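One file, entry.txt, carrying compact mmCIF, C-alpha atoms:
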# COMPACT_ATOMS: atom_id res chain seq x y z
CA MET L 91 -13.31 9.98 3.68
CA ASN L 92 -14.97 7.15 1.77
CA ASN L 93 -12.36 4.69 0.50
CA SER L 94 -14.60 1.81 -0.46
CA ASN L 95 -17.18 1.11 -3.08
CA PRO L 96 -20.74 1.92 -1.99
CA PRO L 97 -23.08 -1.06 -1.74
CA ALA L 98 -24.68 -2.02 -5.01
CA LYS L 99 -28.27 -0.89 -5.39
CA PRO L 100 -31.03 -2.20 -7.63
CA THR L 101 -30.49 -0.77 -11.08
CA MET L 102 -32.59 -0.48 -14.20
CA ASP L 103 -33.02 -3.56 -16.31
CA TYR L 104 -30.64 -2.85 -19.18
CA ALA L 105 -31.72 -5.95 -21.08
CA GLN L 106 -35.36 -4.85 -20.96
CA LEU L 107 -34.36 -1.35 -22.03
CA LEU L 108 -32.34 -2.77 -24.92
CA GLU L 109 -35.34 -4.74 -26.10
CA ALA L 110 -37.38 -1.52 -26.13
CA LEU L 111 -34.65 0.32 -28.05
CA ASN L 112 -34.59 -2.43 -30.67
CA GLN L 113 -38.17 -1.50 -31.47
CA ALA L 114 -37.30 2.18 -31.93
CA SER L 115 -36.60 3.81 -35.29
CA THR L 116 -33.20 5.27 -36.08
CA PHE L 117 -34.65 8.77 -35.73
CA ASP L 118 -36.14 7.83 -32.35
CA LEU L 119 -32.69 6.71 -31.21
CA PHE L 120 -31.12 9.94 -32.45
CA ARG L 121 -33.74 12.03 -30.66
CA LEU L 122 -33.29 10.05 -27.46
CA ASN L 123 -29.51 10.35 -27.74
CA ALA L 124 -29.80 14.15 -27.99
CA MET L 125 -31.92 14.23 -24.83
CA ILE L 126 -29.52 11.97 -22.95
CA ASP L 127 -26.49 14.04 -24.00
CA ARG L 128 -28.20 17.14 -22.66
CA GLU L 129 -28.89 15.43 -19.33
CA LEU L 130 -25.33 14.11 -19.05
CA GLU L 131 -23.94 17.62 -19.49
CA SER L 132 -26.41 19.14 -17.02
CA SER L 133 -24.61 21.40 -14.53
CA GLU L 134 -27.08 20.32 -11.83
CA ARG L 135 -26.24 16.64 -12.31
CA ILE L 136 -22.51 17.33 -12.43
CA GLY L 137 -22.80 19.40 -9.27
CA ARG L 138 -24.56 16.59 -7.39
CA ILE L 139 -21.93 14.07 -8.46
CA LYS L 140 -19.02 16.33 -7.45
CA ALA L 141 -20.63 16.97 -4.07
CA ALA L 142 -20.73 13.21 -3.42
CA LEU L 143 -17.09 12.63 -4.38
CA THR L 144 -13.90 13.06 -2.37
CA VAL L 145 -10.25 12.85 -3.37
CA GLY L 146 -8.99 9.38 -2.48
CA GLN L 147 -12.39 7.76 -2.94
CA LYS L 148 -12.32 4.33 -4.53
CA LEU L 149 -15.10 3.36 -6.91
CA SER L 150 -15.40 2.30 -10.55
CA TYR L 151 -16.11 3.82 -13.93
CA PHE L 152 -17.58 2.29 -17.08
CA ASP L 153 -15.22 1.85 -20.01
CA ARG L 154 -17.19 1.56 -23.26
CA ASN L 155 -14.25 0.05 -25.16
CA SER L 156 -14.03 -3.00 -22.89
CA ASN L 157 -17.77 -2.79 -22.06
CA SER L 158 -16.95 -3.26 -18.40
CA LEU L 159 -16.44 -1.51 -15.07
CA ARG L 160 -12.87 -0.59 -14.08
CA ASP L 161 -11.87 0.04 -10.47
CA CYS L 162 -10.22 3.38 -9.83
CA GLU L 163 -9.31 6.02 -7.24
CA VAL L 164 -10.28 9.68 -7.51
CA LEU L 165 -7.16 11.88 -7.63
CA GLN L 166 -8.58 15.28 -8.54
CA LEU L 167 -11.98 16.89 -9.13
CA LYS L 168 -12.00 19.21 -12.14
CA GLN L 169 -14.78 21.32 -13.59
CA LYS L 170 -16.36 18.68 -15.83
CA ARG L 171 -14.09 15.69 -15.37
CA ALA L 172 -12.38 13.72 -12.66
CA LEU L 173 -8.75 12.63 -12.72
CA VAL L 174 -8.65 8.98 -11.66
CA LEU L 175 -6.04 6.27 -11.23
CA ASP L 176 -7.15 3.16 -13.10
CA PHE L 177 -6.21 0.08 -11.05
CA THR L 178 -6.46 -2.13 -14.14
CA ASP L 179 -3.72 -0.51 -16.23
CA GLY L 180 -2.09 1.71 -13.59
CA LYS L 181 -2.64 4.82 -15.72
CA ARG L 182 -4.24 8.16 -14.91
CA TRP L 183 -7.32 9.12 -16.89
CA THR L 184 -9.57 12.16 -16.92
CA VAL L 185 -13.11 10.86 -17.24
CA PRO L 186 -16.45 12.68 -17.42
CA TYR L 187 -18.34 12.57 -14.14
CA TYR L 188 -21.20 10.65 -15.72
CA MET L 189 -18.88 7.68 -16.32
CA LEU L 190 -18.33 7.21 -12.58
CA ASN L 191 -20.38 4.45 -10.99
CA LEU L 192 -21.16 6.39 -7.83
CA GLU L 193 -24.02 4.13 -6.67
CA GLY L 194 -22.17 0.88 -7.30
CA ALA L 195 -24.75 -0.22 -9.88
CA ASP L 196 -24.48 -3.53 -11.70
CA ALA L 197 -23.56 -2.50 -15.25
CA ARG L 198 -23.81 -5.91 -16.90
CA VAL L 199 -26.44 -6.43 -19.58
CA ASN L 200 -27.88 -9.93 -19.26
CA HIS L 201 -29.14 -10.04 -22.81
CA GLU L 202 -29.18 -13.39 -24.55
CA THR L 203 -30.13 -13.66 -28.22
CA GLN L 204 -31.87 -16.59 -29.90
CA GLN L 205 -28.49 -17.71 -31.17
CA GLY L 206 -25.24 -16.71 -29.50
CA LEU L 207 -24.65 -13.69 -27.26
CA SER L 208 -25.50 -10.03 -27.61
CA ARG L 209 -22.58 -7.64 -28.05
CA HIS L 210 -23.94 -5.61 -25.13
CA ALA L 211 -23.68 -8.64 -22.84
CA ILE L 212 -19.97 -9.30 -23.46
CA ALA L 213 -17.01 -7.57 -21.82
CA VAL L 214 -13.28 -7.76 -22.42
CA GLY L 215 -11.90 -10.51 -20.22
CA ASP L 216 -15.03 -12.69 -20.30
CA LEU L 217 -14.50 -16.44 -20.69
CA LEU L 218 -16.48 -17.73 -23.69
CA GLY L 219 -16.67 -20.81 -25.86
CA PHE L 220 -17.49 -21.70 -29.46
CA LYS L 221 -17.41 -24.66 -31.84
CA ASP L 222 -15.32 -24.58 -35.00
CA LYS L 223 -16.42 -25.91 -38.41
CA HIS L 224 -15.46 -29.43 -37.36
CA GLY L 225 -17.59 -29.29 -34.22
CA GLU L 226 -14.60 -29.04 -31.88
CA GLU L 227 -15.04 -26.81 -28.83
CA HIS L 228 -12.64 -23.98 -28.00
CA PHE L 229 -12.55 -21.76 -24.91
CA GLY L 230 -10.86 -18.41 -24.41
CA HIS L 231 -10.92 -14.91 -23.00
CA VAL L 232 -12.23 -11.90 -24.90
CA LEU L 233 -9.41 -9.61 -26.05
CA ARG L 234 -11.37 -7.16 -28.18
CA LEU L 235 -14.94 -6.34 -29.15
CA ASN L 236 -15.31 -5.82 -32.90
CA THR L 237 -18.34 -4.70 -34.91
CA LYS L 238 -19.51 -8.18 -35.92
CA SER L 239 -17.22 -10.45 -33.91
CA VAL L 240 -15.01 -10.75 -30.86
CA THR L 241 -11.31 -11.55 -30.76
CA LEU L 242 -10.70 -14.49 -28.43
CA GLN L 243 -7.40 -15.69 -27.02
CA VAL L 244 -7.53 -19.49 -26.94
CA ALA L 245 -4.76 -22.02 -26.36
CA GLU L 246 -3.94 -22.24 -30.07
CA GLY L 247 -3.81 -18.48 -30.65
CA GLN L 248 -6.34 -15.78 -31.50
CA TRP L 249 -9.71 -16.31 -33.17
CA ARG L 250 -12.29 -13.84 -34.49
CA VAL L 251 -15.69 -15.34 -33.74
CA ALA L 252 -19.14 -14.02 -34.64
CA TYR L 253 -21.38 -13.09 -31.70
CA SER L 254 -23.99 -15.60 -32.92
CA LEU L 255 -21.56 -18.51 -32.36
CA LEU L 256 -20.54 -17.69 -28.78
CA TYR L 257 -21.74 -19.13 -25.50
CA ARG L 258 -20.80 -18.61 -21.88
CA VAL L 259 -18.50 -21.07 -20.14
CA LEU L 260 -19.54 -22.51 -16.78
CA ASP L 261 -17.11 -22.47 -13.85
CA GLY L 262 -14.61 -25.26 -14.28
CA GLN L 263 -15.54 -25.94 -17.91
CA GLY L 264 -12.78 -25.90 -20.49
CA ASP L 265 -9.86 -26.04 -18.07
CA GLN L 266 -8.79 -29.60 -18.82
CA GLU L 267 -5.34 -30.24 -20.27
CA GLY L 268 -4.32 -26.61 -19.81
CA GLU L 269 -6.52 -25.43 -22.66
CA LEU L 270 -7.13 -22.01 -21.15
CA LEU L 271 -4.52 -19.33 -20.67
CA ILE L 272 -3.74 -17.50 -17.49
CA ASP L 273 -4.22 -13.80 -18.19
CA GLY L 274 -0.94 -12.33 -19.40
CA GLU L 275 0.67 -15.56 -20.63
CA ARG L 276 1.44 -16.27 -24.26
CA ALA L 277 -0.16 -19.21 -26.01
CA ASP L 278 3.14 -20.14 -27.64
CA GLN L 279 6.34 -19.39 -25.73
CA SER L 280 8.28 -19.39 -29.00
CA GLY L 281 6.47 -16.20 -29.96
CA ASP L 282 4.51 -17.75 -32.84
CA THR L 283 0.86 -16.73 -33.04
CA VAL L 284 -1.83 -19.02 -34.33
CA GLN L 285 -4.79 -17.10 -35.72
CA GLY L 286 -8.16 -18.20 -36.91
CA SER L 287 -11.45 -16.74 -38.04
CA LEU L 288 -14.92 -18.14 -37.52
CA LEU L 289 -17.46 -15.58 -38.61
CA GLU L 290 -20.25 -17.88 -39.68
CA LEU L 291 -21.21 -21.53 -39.80
CA LYS L 292 -20.72 -23.23 -43.17
Mind turning this structure into structure tokens?
Amino acid sequence: MNNSNPPAKPTMDYAQLLEALNQASTFDLFRLNAMIDRELESSERIGRIKAALTVGQKLSYFDRNSNSLRDCEVLQLKQKRALVLDFTDGKRWTVPYYMLNLEGADARVNHETQQGLSRHAIAVGDLLGFKDKHGEEHFGHVLRLNTKSVTLQVAEGQWRVAYSLLYRVLDGQGDQEGELLIDGERADQSGDTVQGSLLELK
């Protein structure tokens, strides 16, 4: 029984693929989406995936809401879905087989824009920084991915920041004077929440 993640293998360049998709028309994207949906539901593909899985196997699946991989354990193999235990939230989820990262591929999209970060390159939990209207730097973890902005938890509370204003934080940066939160802690122990919004530079 395989109880560990398989070694990561070279994967397709998602950033390069995204660049190609940006050149496609909306109809091209729709047509491509129809083809991909058909392949994802292919009984042959599902059969190959099920044959490679065992109950108790530990691997990961891709969660589109957080745009990240989540570690899990296979509990049951159903006809078109697998019942897994998500180690992140401790809950059981039934996920389509195509969401399982059987080959241990690197799912990150290293796509940088001319200004800021691409939405595809950010995942919930990432540590990012931005400058407010006064030029002061803030650092925090991504709580939620919105259509035009991300919700960041910083020391002062929560901020909604446009993707074009974000940058990645280097290891050790932004941890002076307790500015960053440990995951799970509140910014204000009194229960008050400071909120801000920085959607564009003025």
What gap, in Å, lies between CA of Asp176 (chain L) and CA of Leu235 (chain L)?
20.2 Å
Would you kindly return, as a short mmCIF file (atom, residue, chain, number, x, y, z; two decimals) with C-alpha atoms, keeping the file's coordinate frame, each protein, DNA or RNA residue with an atom no farther than 7 Å from any atom of region 215-222 of chain L, considering all atoms listed in the file and excluding same-chain residues fewer than 2 positions away?
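Contents of the output file selection.cif:
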data_model
loop_
_atom_site.label_atom_id
_atom_site.label_comp_id
_atom_site.auth_asym_id
_atom_site.auth_seq_id
_atom_site.Cartn_x
_atom_site.Cartn_y
_atom_site.Cartn_z
CA ILE L 212 -19.97 -9.30 -23.46
CA ALA L 213 -17.01 -7.57 -21.82
CA HIS L 224 -15.46 -29.43 -37.36
CA GLY L 225 -17.59 -29.29 -34.22
CA GLU L 226 -14.60 -29.04 -31.88
CA GLU L 227 -15.04 -26.81 -28.83
CA HIS L 228 -12.64 -23.98 -28.00
CA PHE L 229 -12.55 -21.76 -24.91
CA GLY L 230 -10.86 -18.41 -24.41
CA HIS L 231 -10.92 -14.91 -23.00
CA VAL L 232 -12.23 -11.90 -24.90
CA LEU L 233 -9.41 -9.61 -26.05
CA LEU L 255 -21.56 -18.51 -32.36
CA LEU L 256 -20.54 -17.69 -28.78
CA TYR L 257 -21.74 -19.13 -25.50
CA ARG L 258 -20.80 -18.61 -21.88
CA VAL L 259 -18.50 -21.07 -20.14
CA LEU L 288 -14.92 -18.14 -37.52
#
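Taking CA of Leu159 (chain L) as the reference point, CA of Leu192 (chain L) is found at 11.7 Å.
The space separating CA of Leu167 (chain L) from CA of Asp153 (chain L) comes to 18.8 Å.
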Which protein, DNA or RNA residues are at most 10 Å from (-19.7, 15.0, -15.8) in the file's coordinates when you count all atoms listed in the file, listed as a ChimeraX atom specification?
/L:129-140,168-172,185-190
